[in-house]
Amino acid sequence: LAVDQVLSGKASGFAVGWDVGFLYKIQPTSLLSFDYHSRIIKKLNGTSYLNGQSPTSTHIFQPMPNIISLNFLQIFSEEWLASIMGRFI
């Protein structure tokens with residue numbers, strides 16, 4: 001695209017994935033959790049316009065990676081807790 005060209009568009013789509021997780025109580029006030037979120041590929045369909053010209057049908061496949069999360073939770077009192085999470089993509 002040249003600098004003075006305008007590309008615009010609109011697209012929508014839907015995808016389904018799944019998650020699984022485990023929670024382990026290390027002590028009554030310390031918890032450790034592990035979560036896995038599956039990889040999905042979102043299919044987007046829509047219309048794009050270049051410089052306001054007639055519309056072009058657009059199909060985009062947007063991959064979303066699998067994610068693994070590890071979380072540590074510490075309960076200090078009924079009012080306070082702290083959580084540290086790491087995500088691996």
# chains A, B, ... in the order shown; residues from 1 in each chain; ligands from 1
$ select_by_dssp --residues "range 41-84 of chain A" --states "strand (DSSP E or B)" --output "PyMOL selection string"
chain A and resi 41-50+56-64+67-75+81-84
$ closest_atom_pairs --of "range 53-87 of chain A" --to "range 10-31 of chain A" --cutoff "10 Å" --atoms "only C-alpha atoms" --output "tab-separated table"
residue	atom	partner	partner_atom	distance
A:Ser57	CA	A:Ala11	CA	9.7
A:Thr58	CA	A:Ala11	CA	7.7
A:His59	CA	A:Ala11	CA	8.3
A:Ile60	CA	A:Ala11	CA	8.6
A:Phe61	CA	A:Gly13	CA	9.5
A:Gln62	CA	A:Gly13	CA	9.8
A:Met64	CA	A:Gly17	CA	9.8
A:Asn66	CA	A:Gly17	CA	9.5
A:Ile67	CA	A:Asp19	CA	9.4
A:Ile68	CA	A:Gly21	CA	9.6
A:Ser69	CA	A:Gly21	CA	9.0
A:Leu70	CA	A:Gly21	CA	9.7
A:Asn71	CA	A:Leu31	CA	8.2
A:Phe72	CA	A:Leu31	CA	5.9
A:Leu73	CA	A:Leu31	CA	5.1
A:Gln74	CA	A:Ser30	CA	4.7
A:Ile75	CA	A:Thr29	CA	4.9
A:Phe76	CA	A:Thr29	CA	7.2
A:Ser77	CA	A:Thr29	CA	8.7
A:Leu81	CA	A:Thr29	CA	9.1
A:Ala82	CA	A:Ser30	CA	9.9
A:Ser83	CA	A:Leu31	CA	9.4
$ atom_distance --atom1 "CA of Gly86 in chain A" --atom2 "CA of Leu32 in chain A"
11.6 Å
$ closest_residue --among "A:Thr56, A:Ser48, A:Arg87, A:Gly9" --to "Asp35 in chain A" --atoms "only C-alpha atoms"
A:Arg87
$ closest_residue --among "A:Glu79, A:Val6, A:Pro63, A:Ile84" --to "Leu44 in chain A" --atoms "only C-alpha atoms"
A:Pro63
$ atom_distance --atom1 "CA of Phe88 in chain A" --atom2 "CA of His37 in chain A"
10.5 Å
$ atom_distance --atom1 "CA of Lys42 in chain A" --atom2 "CA of Gln5 in chain A"
27.8 Å
